[in-house]
Structures are given as structure tokens and as C-alpha cells.
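Below is the file start31.cif, which contains mmCIF, C-alpha atoms.
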```
data_my_file
#
loop_
_atom_site.group_PDB
_atom_site.id
_atom_site.type_symbol
_atom_site.label_atom_id
_atom_site.label_comp_id
_atom_site.auth_asym_id
_atom_site.auth_seq_id
_atom_site.Cartn_x
_atom_site.Cartn_y
_atom_site.Cartn_z
ATOM 1 C CA MET A 1 75.431 100.964 33.451
ATOM 2 C CA ASN A 2 78.156 102.538 31.356
ATOM 3 C CA ILE A 3 78.018 100.970 27.887
ATOM 4 C CA GLN A 4 81.697 100.892 27.040
ATOM 5 C CA PHE A 5 82.165 99.146 30.327
ATOM 6 C CA LYS A 6 79.396 96.644 29.773
ATOM 7 C CA LYS A 7 80.684 95.701 26.339
ATOM 8 C CA GLY A 8 84.142 94.957 27.634
ATOM 9 C CA VAL A 9 82.702 92.943 30.512
ATOM 10 C CA LEU A 10 80.575 90.938 28.083
ATOM 11 C CA GLU A 11 83.656 89.979 26.112
ATOM 12 C CA LEU A 12 85.446 89.009 29.312
ATOM 13 C CA CYS A 13 82.492 86.868 30.456
ATOM 14 C CA VAL A 14 82.349 85.034 27.115
ATOM 15 C CA LEU A 15 86.095 84.353 27.099
ATOM 16 C CA SER A 16 86.045 83.280 30.737
ATOM 17 C CA MET A 17 83.171 80.842 30.217
ATOM 18 C CA LEU A 18 84.918 79.344 27.213
ATOM 19 C CA GLY A 19 88.061 79.095 29.347
ATOM 20 C CA ARG A 20 86.212 76.675 31.618
ATOM 21 C CA ARG A 21 84.560 74.562 28.926
ATOM 22 C CA ASN A 22 83.503 74.638 25.275
ATOM 23 C CA CYS A 23 79.977 75.970 24.854
ATOM 24 C CA TYR A 24 77.309 76.404 22.209
ATOM 25 C CA GLY A 25 75.889 79.870 21.613
ATOM 26 C CA TYR A 26 72.638 79.422 23.495
ATOM 27 C CA GLN A 27 74.491 78.191 26.553
ATOM 28 C CA LEU A 28 76.713 81.274 26.600
ATOM 29 C CA VAL A 29 73.770 83.619 26.168
ATOM 30 C CA ASN A 30 71.751 81.824 28.817
ATOM 31 C CA GLU A 31 74.462 81.717 31.481
ATOM 32 C CA ILE A 32 75.538 85.313 30.958
ATOM 33 C CA SER A 33 72.048 86.786 30.813
ATOM 34 C CA LYS A 34 71.299 85.107 34.146
ATOM 35 C CA ASN A 35 73.828 87.438 35.729
ATOM 36 C CA ILE A 36 74.002 90.492 33.502
ATOM 37 C CA LEU A 37 71.176 92.286 31.728
ATOM 38 C CA ILE A 38 71.976 92.137 28.005
ATOM 39 C CA SER A 39 70.217 92.176 24.694
ATOM 40 C CA GLU A 40 70.835 88.478 23.947
ATOM 41 C CA GLY A 41 71.146 88.885 20.185
ATOM 42 C CA THR A 42 74.305 90.962 20.514
ATOM 43 C CA ILE A 43 76.371 87.999 21.720
ATOM 44 C CA TYR A 44 76.397 86.422 18.252
ATOM 45 C CA PRO A 45 78.028 89.403 16.517
ATOM 46 C CA LEU A 46 80.523 89.453 19.404
ATOM 47 C CA LEU A 47 81.277 85.743 18.859
ATOM 48 C CA ARG A 48 81.742 86.373 15.132
ATOM 49 C CA ARG A 49 84.237 89.124 15.897
ATOM 50 C CA LEU A 50 86.133 86.939 18.402
ATOM 51 C CA LYS A 51 86.288 84.235 15.733
ATOM 52 C CA SER A 52 87.535 86.573 13.010
ATOM 53 C CA GLU A 53 90.190 87.905 15.379
ATOM 54 C CA GLY A 54 91.357 84.341 16.043
ATOM 55 C CA PHE A 55 90.398 84.124 19.731
ATOM 56 C CA VAL A 56 87.880 81.309 19.259
ATOM 57 C CA THR A 57 87.183 78.528 16.756
ATOM 58 C CA THR A 58 83.939 76.675 16.108
ATOM 59 C CA TYR A 59 82.993 73.066 15.488
ATOM 60 C CA LEU A 60 79.743 71.107 15.197
ATOM 61 C CA GLU A 61 78.846 68.465 17.750
ATOM 62 C CA GLU A 62 75.920 66.041 17.829
ATOM 63 C CA SER A 63 73.320 66.652 20.490
ATOM 64 C CA THR A 64 71.059 64.111 22.132
ATOM 65 C CA GLU A 65 68.104 66.486 21.886
ATOM 66 C CA GLY A 66 68.216 67.335 18.191
ATOM 67 C CA PRO A 67 70.447 68.399 15.271
ATOM 68 C CA PRO A 68 74.168 69.128 15.832
ATOM 69 C CA ARG A 69 75.066 72.347 17.614
ATOM 70 C CA LYS A 70 77.780 74.875 16.895
ATOM 71 C CA TYR A 71 80.319 74.865 19.720
ATOM 72 C CA TYR A 72 82.848 77.577 20.482
ATOM 73 C CA LYS A 73 86.338 76.752 21.674
ATOM 74 C CA LEU A 74 89.081 79.071 22.936
ATOM 75 C CA THR A 75 92.319 79.152 20.880
ATOM 76 C CA SER A 76 95.688 79.571 22.585
ATOM 77 C CA LEU A 77 95.558 83.218 21.513
ATOM 78 C CA GLY A 78 92.120 83.458 23.101
ATOM 79 C CA LEU A 79 93.398 81.890 26.295
ATOM 80 C CA LYS A 80 96.131 84.531 26.530
ATOM 81 C CA LYS A 81 93.569 87.250 25.880
ATOM 82 C CA GLU A 82 91.305 85.825 28.579
ATOM 83 C CA GLU A 83 94.103 85.768 31.143
ATOM 84 C CA ALA A 84 95.187 89.314 30.280
ATOM 85 C CA LEU A 85 91.624 90.693 30.472
ATOM 86 C CA LYS A 86 90.936 88.837 33.690
ATOM 87 C CA SER A 87 93.980 90.145 35.542
ATOM 88 C CA GLU A 88 93.220 93.626 34.207
ATOM 89 C CA TRP A 89 89.697 93.277 35.588
ATOM 90 C CA PHE A 90 90.814 92.072 39.018
ATOM 91 C CA SER A 91 93.298 94.856 39.532
ATOM 92 C CA PHE A 92 90.760 97.385 38.280
ATOM 93 C CA ALA A 93 88.051 96.052 40.590
ATOM 94 C CA GLU A 94 90.436 96.027 43.528
ATOM 95 C CA ASN A 95 91.435 99.631 42.929
ATOM 96 C CA VAL A 96 87.823 100.725 42.666
ATOM 97 C CA ASN A 97 86.935 98.822 45.860
ATOM 98 C CA ASN A 98 89.800 100.399 47.730
ATOM 99 C CA PHE A 99 88.814 103.799 46.484
ATOM 100 C CA LEU A 100 85.193 103.347 47.495
ATOM 101 C CA LYS A 101 86.216 102.150 50.951
ATOM 102 C CA GLY A 102 88.361 105.242 51.241
ATOM 103 C CA SER A 103 91.528 103.397 52.195
ATOM 104 C CA ASN A 104 93.499 105.237 49.513
ATOM 105 C CA MET A 105 92.651 108.678 50.730
ATOM 106 C CA MET B 1 57.278 88.363 16.502
ATOM 107 C CA ASN B 2 57.612 84.592 15.953
ATOM 108 C CA LYS B 3 60.724 82.691 14.840
ATOM 109 C CA LYS B 4 59.903 82.818 11.137
ATOM 110 C CA GLY B 5 59.167 86.535 11.237
ATOM 111 C CA TYR B 6 62.348 87.306 13.156
ATOM 112 C CA ILE B 7 64.646 85.297 10.863
ATOM 113 C CA LEU B 8 62.972 86.719 7.771
ATOM 114 C CA LYS B 9 63.330 90.279 9.063
ATOM 115 C CA LEU B 10 66.985 89.745 9.886
ATOM 116 C CA SER B 11 67.721 88.126 6.517
ATOM 117 C CA GLU B 12 66.106 91.078 4.707
ATOM 118 C CA LEU B 13 68.211 93.512 6.697
ATOM 119 C CA ILE B 14 71.479 91.768 5.809
ATOM 120 C CA HIS B 15 70.510 90.668 2.277
ATOM 121 C CA ASP B 16 73.483 92.365 0.610
ATOM 122 C CA LEU B 17 76.182 90.584 2.635
ATOM 123 C CA PRO B 18 78.124 87.742 0.976
ATOM 124 C CA LYS B 19 75.882 84.637 0.755
ATOM 125 C CA GLU B 20 78.105 82.459 2.933
ATOM 126 C CA GLU B 21 78.358 85.048 5.698
ATOM 127 C CA LYS B 22 74.612 85.634 5.639
ATOM 128 C CA GLU B 23 73.834 81.920 5.938
ATOM 129 C CA ASP B 24 76.311 81.594 8.765
ATOM 130 C CA ILE B 25 74.675 84.436 10.699
ATOM 131 C CA LEU B 26 71.134 83.159 10.152
ATOM 132 C CA PHE B 27 72.240 79.681 11.232
ATOM 133 C CA ASP B 28 73.277 81.089 14.626
ATOM 134 C CA TYR B 29 69.914 82.740 15.250
ATOM 135 C CA GLU B 30 67.948 79.734 13.970
ATOM 136 C CA GLU B 31 69.910 77.507 16.315
ATOM 137 C CA HIS B 32 69.223 79.909 19.156
ATOM 138 C CA PHE B 33 65.472 79.654 18.526
ATOM 139 C CA ARG B 34 65.635 75.876 18.136
ATOM 140 C CA ILE B 35 67.435 75.292 21.418
ATOM 141 C CA GLY B 36 65.243 77.826 23.208
ATOM 142 C CA LEU B 37 62.162 75.909 22.017
ATOM 143 C CA GLU B 38 63.710 72.638 23.176
ATOM 144 C CA LYS B 39 64.097 74.222 26.614
ATOM 145 C CA GLY B 40 60.404 75.016 26.628
ATOM 146 C CA ARG B 41 60.477 78.723 25.857
ATOM 147 C CA LYS B 42 58.003 80.385 23.489
ATOM 148 C CA GLU B 43 59.063 81.812 20.098
ATOM 149 C CA GLU B 44 57.810 85.311 20.938
ATOM 150 C CA GLU B 45 59.611 85.286 24.258
ATOM 151 C CA ILE B 46 62.909 84.299 22.604
ATOM 152 C CA ALA B 47 62.467 86.982 19.935
ATOM 153 C CA ILE B 48 61.986 89.670 22.578
ATOM 154 C CA SER B 49 65.050 88.719 24.594
ATOM 155 C CA LEU B 50 67.189 88.586 21.434
ATOM 156 C CA GLY B 51 66.435 92.261 20.882
ATOM 157 C CA ASN B 52 65.500 94.315 17.837
ATOM 158 C CA PRO B 53 66.753 92.696 14.573
ATOM 159 C CA LYS B 54 67.527 96.188 13.244
ATOM 160 C CA THR B 55 70.079 96.807 15.998
ATOM 161 C CA ILE B 56 71.699 93.428 15.378
ATOM 162 C CA ALA B 57 71.755 93.916 11.603
ATOM 163 C CA ARG B 58 73.351 97.341 11.940
ATOM 164 C CA GLN B 59 76.095 95.964 14.131
ATOM 165 C CA ILE B 60 76.742 93.020 11.787
ATOM 166 C CA ARG B 61 76.672 95.108 8.607
ATOM 167 C CA ALA B 62 79.041 97.799 9.738
ATOM 168 C CA GLU B 63 81.527 95.271 11.102
ATOM 169 C CA SER B 64 81.365 93.182 7.964
ATOM 170 C CA MET B 65 81.869 96.110 5.556
ATOM 171 C CA ILE B 66 84.799 97.514 7.470
ATOM 172 C CA LYS B 67 86.401 94.074 7.681
ATOM 173 C CA GLU B 68 85.986 93.706 3.926
ATOM 174 C CA ALA B 69 87.637 97.090 3.312
ATOM 175 C CA GLU B 70 90.503 96.040 5.545
ATOM 176 C CA LYS B 71 91.004 92.719 3.745
ATOM 177 C CA THR B 72 90.870 93.820 0.113
ATOM 178 C CA THR B 73 92.003 97.306 -0.713
ATOM 179 C CA SER B 74 89.627 98.947 -3.146
ATOM 180 C CA ALA B 75 87.889 102.289 -3.496
ATOM 181 C CA ASN B 76 84.556 100.486 -3.776
ATOM 182 C CA ASN B 77 85.030 98.699 -0.466
ATOM 183 C CA ILE B 78 85.976 101.815 1.418
ATOM 184 C CA ILE B 79 82.948 103.627 0.014
ATOM 185 C CA ARG B 80 80.661 100.757 1.097
ATOM 186 C CA ALA B 81 82.219 100.842 4.564
ATOM 187 C CA ILE B 82 81.685 104.593 4.756
ATOM 188 C CA PHE B 83 78.018 104.240 3.815
ATOM 189 C CA ALA B 84 77.485 101.450 6.339
ATOM 190 C CA ALA B 85 79.076 103.668 8.981
ATOM 191 C CA VAL B 86 76.922 106.635 7.946
ATOM 192 C CA GLY B 87 73.887 104.349 8.323
ATOM 193 C CA LEU B 88 74.882 103.893 11.941
ATOM 194 C CA GLY B 89 74.578 107.604 12.563
ATOM 195 C CA PHE B 90 78.198 108.367 11.953
ATOM 196 C CA PHE B 91 77.908 112.142 11.504
ATOM 197 C CA ASN B 92 81.434 112.655 12.602
ATOM 198 C CA LEU B 93 82.340 111.621 9.078
ATOM 199 C CA ILE B 94 80.819 114.698 7.483
ATOM 200 C CA ILE B 95 83.256 116.847 9.418
ATOM 201 C CA VAL B 96 86.297 114.930 8.199
ATOM 202 C CA LEU B 97 84.965 114.432 4.673
ATOM 203 C CA GLY B 98 86.264 117.836 3.472
ATOM 204 C CA PRO B 99 89.872 117.318 4.614
ATOM 205 C CA ALA B 100 89.718 113.698 3.389
ATOM 206 C CA ILE B 101 88.701 114.760 -0.123
ATOM 207 C CA GLY B 102 91.439 117.401 -0.010
ATOM 208 C CA LEU B 103 93.984 114.714 0.845
ATOM 209 C CA VAL B 104 92.786 112.476 -1.982
ATOM 210 C CA GLY B 105 93.176 115.470 -4.340
ATOM 211 C CA LEU B 106 96.688 116.057 -3.044
ATOM 212 C CA LEU B 107 97.581 112.394 -3.643
ATOM 213 C CA ILE B 108 96.253 112.579 -7.205
ATOM 214 C CA GLY B 109 98.227 115.791 -7.786
ATOM 215 C CA LEU B 110 101.427 114.248 -6.438
ATOM 216 C CA PHE B 111 100.917 111.212 -8.635
ATOM 217 C CA ALA B 112 100.424 113.399 -11.720
ATOM 218 C CA ALA B 113 103.600 115.345 -10.891
ATOM 219 C CA ALA B 114 105.564 112.122 -10.410
ATOM 220 C CA LEU B 115 104.268 110.748 -13.687
ATOM 221 C CA SER B 116 105.172 113.907 -15.637
ATOM 222 C CA ILE B 117 108.731 113.902 -14.249
ATOM 223 C CA THR B 118 109.143 110.287 -15.374
ATOM 224 C CA VAL B 119 107.672 110.971 -18.823
ATOM 225 C CA SER B 120 109.781 114.099 -19.387
ATOM 226 C CA GLY B 121 112.912 112.137 -18.421
ATOM 227 C CA GLY B 122 111.908 109.482 -20.932
ATOM 228 C CA ALA B 123 111.344 112.111 -23.604
ATOM 229 C CA ILE B 124 114.745 113.747 -23.019
ATOM 230 C CA LEU B 125 116.450 110.377 -23.165
ATOM 231 C CA PHE B 126 114.593 109.372 -26.318
ATOM 232 C CA VAL B 127 115.291 112.617 -28.165
ATOM 233 C CA SER B 128 118.959 112.751 -27.157
ATOM 234 C CA ILE B 129 119.504 109.272 -28.576
ATOM 235 C CA PHE B 130 117.132 109.156 -31.541
ATOM 236 C CA GLY B 131 116.614 112.885 -32.249
ATOM 237 C CA PRO B 132 119.579 113.268 -34.643
ATOM 238 C CA VAL B 133 118.741 109.968 -36.383
ATOM 239 C CA LEU B 134 115.020 110.466 -36.898
ATOM 240 C CA GLU B 135 115.187 114.084 -38.103
ATOM 241 C CA TRP B 136 111.770 114.958 -36.642
ATOM 242 C CA GLY B 137 112.898 118.454 -35.957
ATOM 243 C CA MET B 138 113.306 117.695 -32.257
ATOM 244 C CA TYR B 139 116.533 118.508 -30.533
ATOM 245 C CA ILE B 140 117.820 119.093 -27.055
ATOM 246 C CA PRO B 141 119.954 122.206 -26.587
ATOM 247 C CA LEU B 142 122.402 120.188 -24.546
ATOM 248 C CA ALA B 143 125.283 117.927 -25.427
ATOM 249 C CA PRO B 144 124.296 114.206 -25.282
ATOM 250 C CA ILE B 145 126.866 113.710 -22.533
ATOM 251 C CA VAL B 146 124.696 115.960 -20.350
ATOM 252 C CA SER B 147 121.211 115.182 -21.633
ATOM 253 C CA ILE B 148 121.410 111.363 -21.479
ATOM 254 C CA PRO B 149 122.315 111.229 -17.760
ATOM 255 C CA LEU B 150 119.744 114.007 -17.211
ATOM 256 C CA GLY B 151 117.028 111.897 -18.842
ATOM 257 C CA ILE B 152 117.977 108.777 -16.872
ATOM 258 C CA GLY B 153 118.156 110.806 -13.671
ATOM 259 C CA LEU B 154 114.705 112.292 -14.221
ATOM 260 C CA ILE B 155 113.225 108.833 -14.897
ATOM 261 C CA ALA B 156 114.785 107.503 -11.696
ATOM 262 C CA ILE B 157 113.549 110.452 -9.612
ATOM 263 C CA GLY B 158 110.086 110.195 -11.137
ATOM 264 C CA LEU B 159 109.847 106.460 -10.402
ATOM 265 C CA LEU B 160 110.989 106.949 -6.810
ATOM 266 C CA PHE B 161 108.417 109.692 -6.493
ATOM 267 C CA ILE B 162 105.692 107.342 -7.811
ATOM 268 C CA ILE B 163 106.694 104.702 -5.267
ATOM 269 C CA GLY B 164 106.548 107.331 -2.533
ATOM 270 C CA VAL B 165 103.061 108.408 -3.568
ATOM 271 C CA PHE B 166 101.998 104.756 -3.648
ATOM 272 C CA TYR B 167 103.119 104.274 -0.034
ATOM 273 C CA LEU B 168 101.457 107.510 1.030
ATOM 274 C CA SER B 169 98.186 106.257 -0.472
ATOM 275 C CA LYS B 170 98.522 102.987 1.399
ATOM 276 C CA ILE B 171 99.069 104.820 4.668
ATOM 277 C CA PHE B 172 96.090 107.041 3.949
ATOM 278 C CA TYR B 173 93.916 103.991 3.201
ATOM 279 C CA GLY B 174 95.004 102.278 6.410
ATOM 280 C CA LEU B 175 94.283 105.398 8.445
ATOM 281 C CA SER B 176 90.815 105.695 6.925
ATOM 282 C CA VAL B 177 90.015 102.097 7.840
ATOM 283 C CA SER B 178 91.167 102.509 11.433
ATOM 284 C CA TYR B 179 89.287 105.779 11.709
ATOM 285 C CA LEU B 180 86.104 104.009 10.591
ATOM 286 C CA LYS B 181 86.745 101.176 13.050
ATOM 287 C CA MET B 182 87.203 103.611 15.906
ATOM 288 C CA ASN B 183 83.929 105.324 15.099
ATOM 289 C CA LEU B 184 82.157 102.016 14.704
ATOM 290 C CA GLN B 185 83.202 101.108 18.203
ATOM 291 C CA ILE B 186 81.887 104.347 19.638
ATOM 292 C CA ILE B 187 78.583 103.940 17.830
ATOM 293 C CA THR B 188 77.953 100.270 18.592
ATOM 294 C CA ASN B 189 78.668 100.971 22.230
ATOM 295 C CA ARG B 190 76.079 103.681 22.231
ATOM 296 C CA ARG B 191 73.544 101.444 20.462
ATOM 297 C CA ASN B 192 73.965 98.604 22.916
ATOM 298 C CA LYS B 193 72.490 100.649 25.696
#
```
Please go through the file and, once you have read it, give me the structure as C-alpha cells.
Amino acid sequence: MNIQFKKGVLELCVLSMLGRRNCYGYQLVNEISKNILISEGTIYPLLRRLKSEGFVTTYLEESTEGPPRKYYKLTSLGLKKEEALKSEWFSFAENVNNFLKGSNM
Amino acid sequence: MNKKGYILKLSELIHDLPKEEKEDILFDYEEHFRIGLEKGRKEEEIAISLGNPKTIARQIRAESMIKEAEKTTSANNIIRAIFAAVGLGFFNLIIVLGPAIGLVGLLIGLFAAALSITVSGGAILFVSIFGPVLEWGMYIPLAPIVSIPLGIGLIAIGLLFIIGVFYLSKIFYGLSVSYLKMNLQIITNRRNK
């Protein structure tokens, strides 16, 4: 798959998952890699970038299974970004679908 | 590779990052291993699906250096960012290096010119006021009514010129940082394949 494309999609998937609920890193990696083939280690640098750009924040939360885990939470800026990327994706996907079906020709 | 080997390898590859940032990064990967083990996966299996530590380190390093250069303006930071980018296979840079050095030379030249205008204005002003008093054999072949405003004018023009050069340098610095960022994006995309 086109790499530029995949990278943008990865960011969208992370933001969208965090839009539904706060997650720890492993959870994000696990859910996303179920659906998309990725090199799992690259999600952490992505999360660091999202944090430094102010789209997510982190906090520690106790876990029943062991030591506390680092959770990621969407900021209001991140929520806006998620909505913008999502609508961009839907209109893009719709256009591509229409094109492939030939209804635009 | 097991957990210990993977973390050690990664920490060696990012050893020159600020201590806090390094610990933060390693914490993420350690946690990833820990939770994976809790879910019943094997260390080697987790290491493989994380991917090559070299690829991860390259991505982290280049992003960190460029961020640093963006945050605190210094020649040292921009040079570090350039080297990190070159490490990523950023050969594009070699093509722009010539013009970039030329531009830096131009900025230095402009600064020198601005400084000499200011200094000469100062000298004219000084000599027109104190020349006759000090008897150092310096004189201006102009009446003080002309040479004093001339000196002040030259100082003002020189200072404005210096400010202009300062802003030009800032713009140039900003452009260099965004150029590096753009290239970083192209390269990390290619590496993620």
C-alpha cells in the first residue's frame, strides 16, 4: 500500500480510537494491527508527535493486572483534528468509490 | 531478540537524546513488552512485531533533533538536526547545501555592511563634536551643522539595517527548519514501508 497514505490512515485510526475511549499504548497497537498491517513500534513515535503537537495528553492509571499504565486522552484540539480528518476521509473514500464504480464518467 | 536485548539496543541507539526524553521513550516500549507478556505473548514474538529498533530510533532521533532546533534557535541545534536528517538518507540536502552556505555568507556580508555604516556614523558624530576639542589631528571637512546630522543619520540607517538583517536571519532559520521537517516526512514515509 502507498506509504504516505498508510501513515495518514494510521494517525486517523489512533485519533478515532481515542475519540471513542481513552486507551493505553498496547491497546491502540493491538486494535489497529488487527485491521491494518503495521510495524507496531512506529505507533509510539506517532503518539509522541501527537502529544507534542497538543492533540493528546497522557496520564497514569492503576491496572488490576500489574503496575500503572500510561493512558492517552484526546484534547479538544485533538477532537477537532479527528473530526476534520474523518470527514476528509469519508469524502475522499466516497469519491474514490464513485470513480471506481464509474458513475462519474 | 528478547525484551532485555531489544530495550538495550534501542537505548544505545538513542543514547544522546536528553535523559528525560530517553527514559520516557524506553518506558513506552517496556510497558508494551510487559502488557504483551501479561496477555500471554512471548518476548521474541513481541520484539518481531514491534519492528527493527534501528528504524524506530531513526524516526525518534530525527523528529527530536528537528523539534529541538525549532524550539531553541541556535547554530548548534540546526547542525545537529541536519546531521540527524543526513543519517536518514537525506541526500537532497547536499544539493541545497551550496546555495544555503551562499545565503549564510550573504547574511554575514550584510551584517558587516550594516555594522560599518553604524560605526562610521558614530565616528563622524564623535569627531564633529570632540575633534576640535581633543586636537588629535582629526577633522571633518564639513561644517558641524552638516556633519552632526549626517553622523546621526548614518547611525540610524545602520541600526535599521542591522535590524533588517536580524529579521532576514530569522526567516532563513525558520525556512531551514521547515525544509528539514518536509524532508523528514518524505523519508520517514519511505522507511515505514
Check: which chain B residues lie within 12 Å of chain A using all atoms listed in the file, as a PyMOL selection string
chain B and resi 6-7+10+21-22+24-39+45-64+66-68+71+185-193
### Query
From the set B:Gly174, B:Gly40, B:Gly153, B:Gly164, which residue has the shortest atom-to-atom contact distance to Val119 in chain B, counting only C-alpha atoms?
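Looking at the shortest contact to Val119 in chain B, the residue is B:Gly153.
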Counting only C-alpha atoms, what is within 8 Å of Ala69 in chain B, bar same-chain residues fewer than 4 positions away, as a PyMOL selection string?
chain B and resi 65+73-74+77-78+81+177
For this session: Name the residues that the PyMOL selection byres ((chain A and resi 73-76) around 8) pulls out of this structure, and write them as JSON, numbers by chain.
Result: {"A": [15, 18, 19, 21, 22, 23, 54, 55, 56, 57, 58, 59, 71, 72, 77, 78, 79, 80]}
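In this model, the gap between CA of Leu17 in chain B and CA of Leu180 in chain B comes to 18.5 Å.
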Residues within 10 Å of Glu31 in chain A, please, as a list in words. Count only C-alpha atoms; anything in the same chain fewer than 5 positions from it doesn't count.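 My list of contacting residues is Cys13, Val14, Met17, Tyr26 and Ile36 of chain A.
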Can you measure CA of Ala114 in chain B to CA of Ile162 in chain B for me? One decimal in Å is fine.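 Calculated distance between CA of Ala114 in chain B and CA of Ile162 in chain B is 5.4 Å.
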Could the centre and edge lengths of an axis-aligned box, enclosing all atoms of range 37-47 of chain A in the file with 6 Å extra on each side, be given in Å to one decimal as JSON?
```
{"center_x": 75.7, "center_y": 89.0, "center_z": 24.1, "size_x": 23.1, "size_y": 18.5, "size_z": 27.2}
```
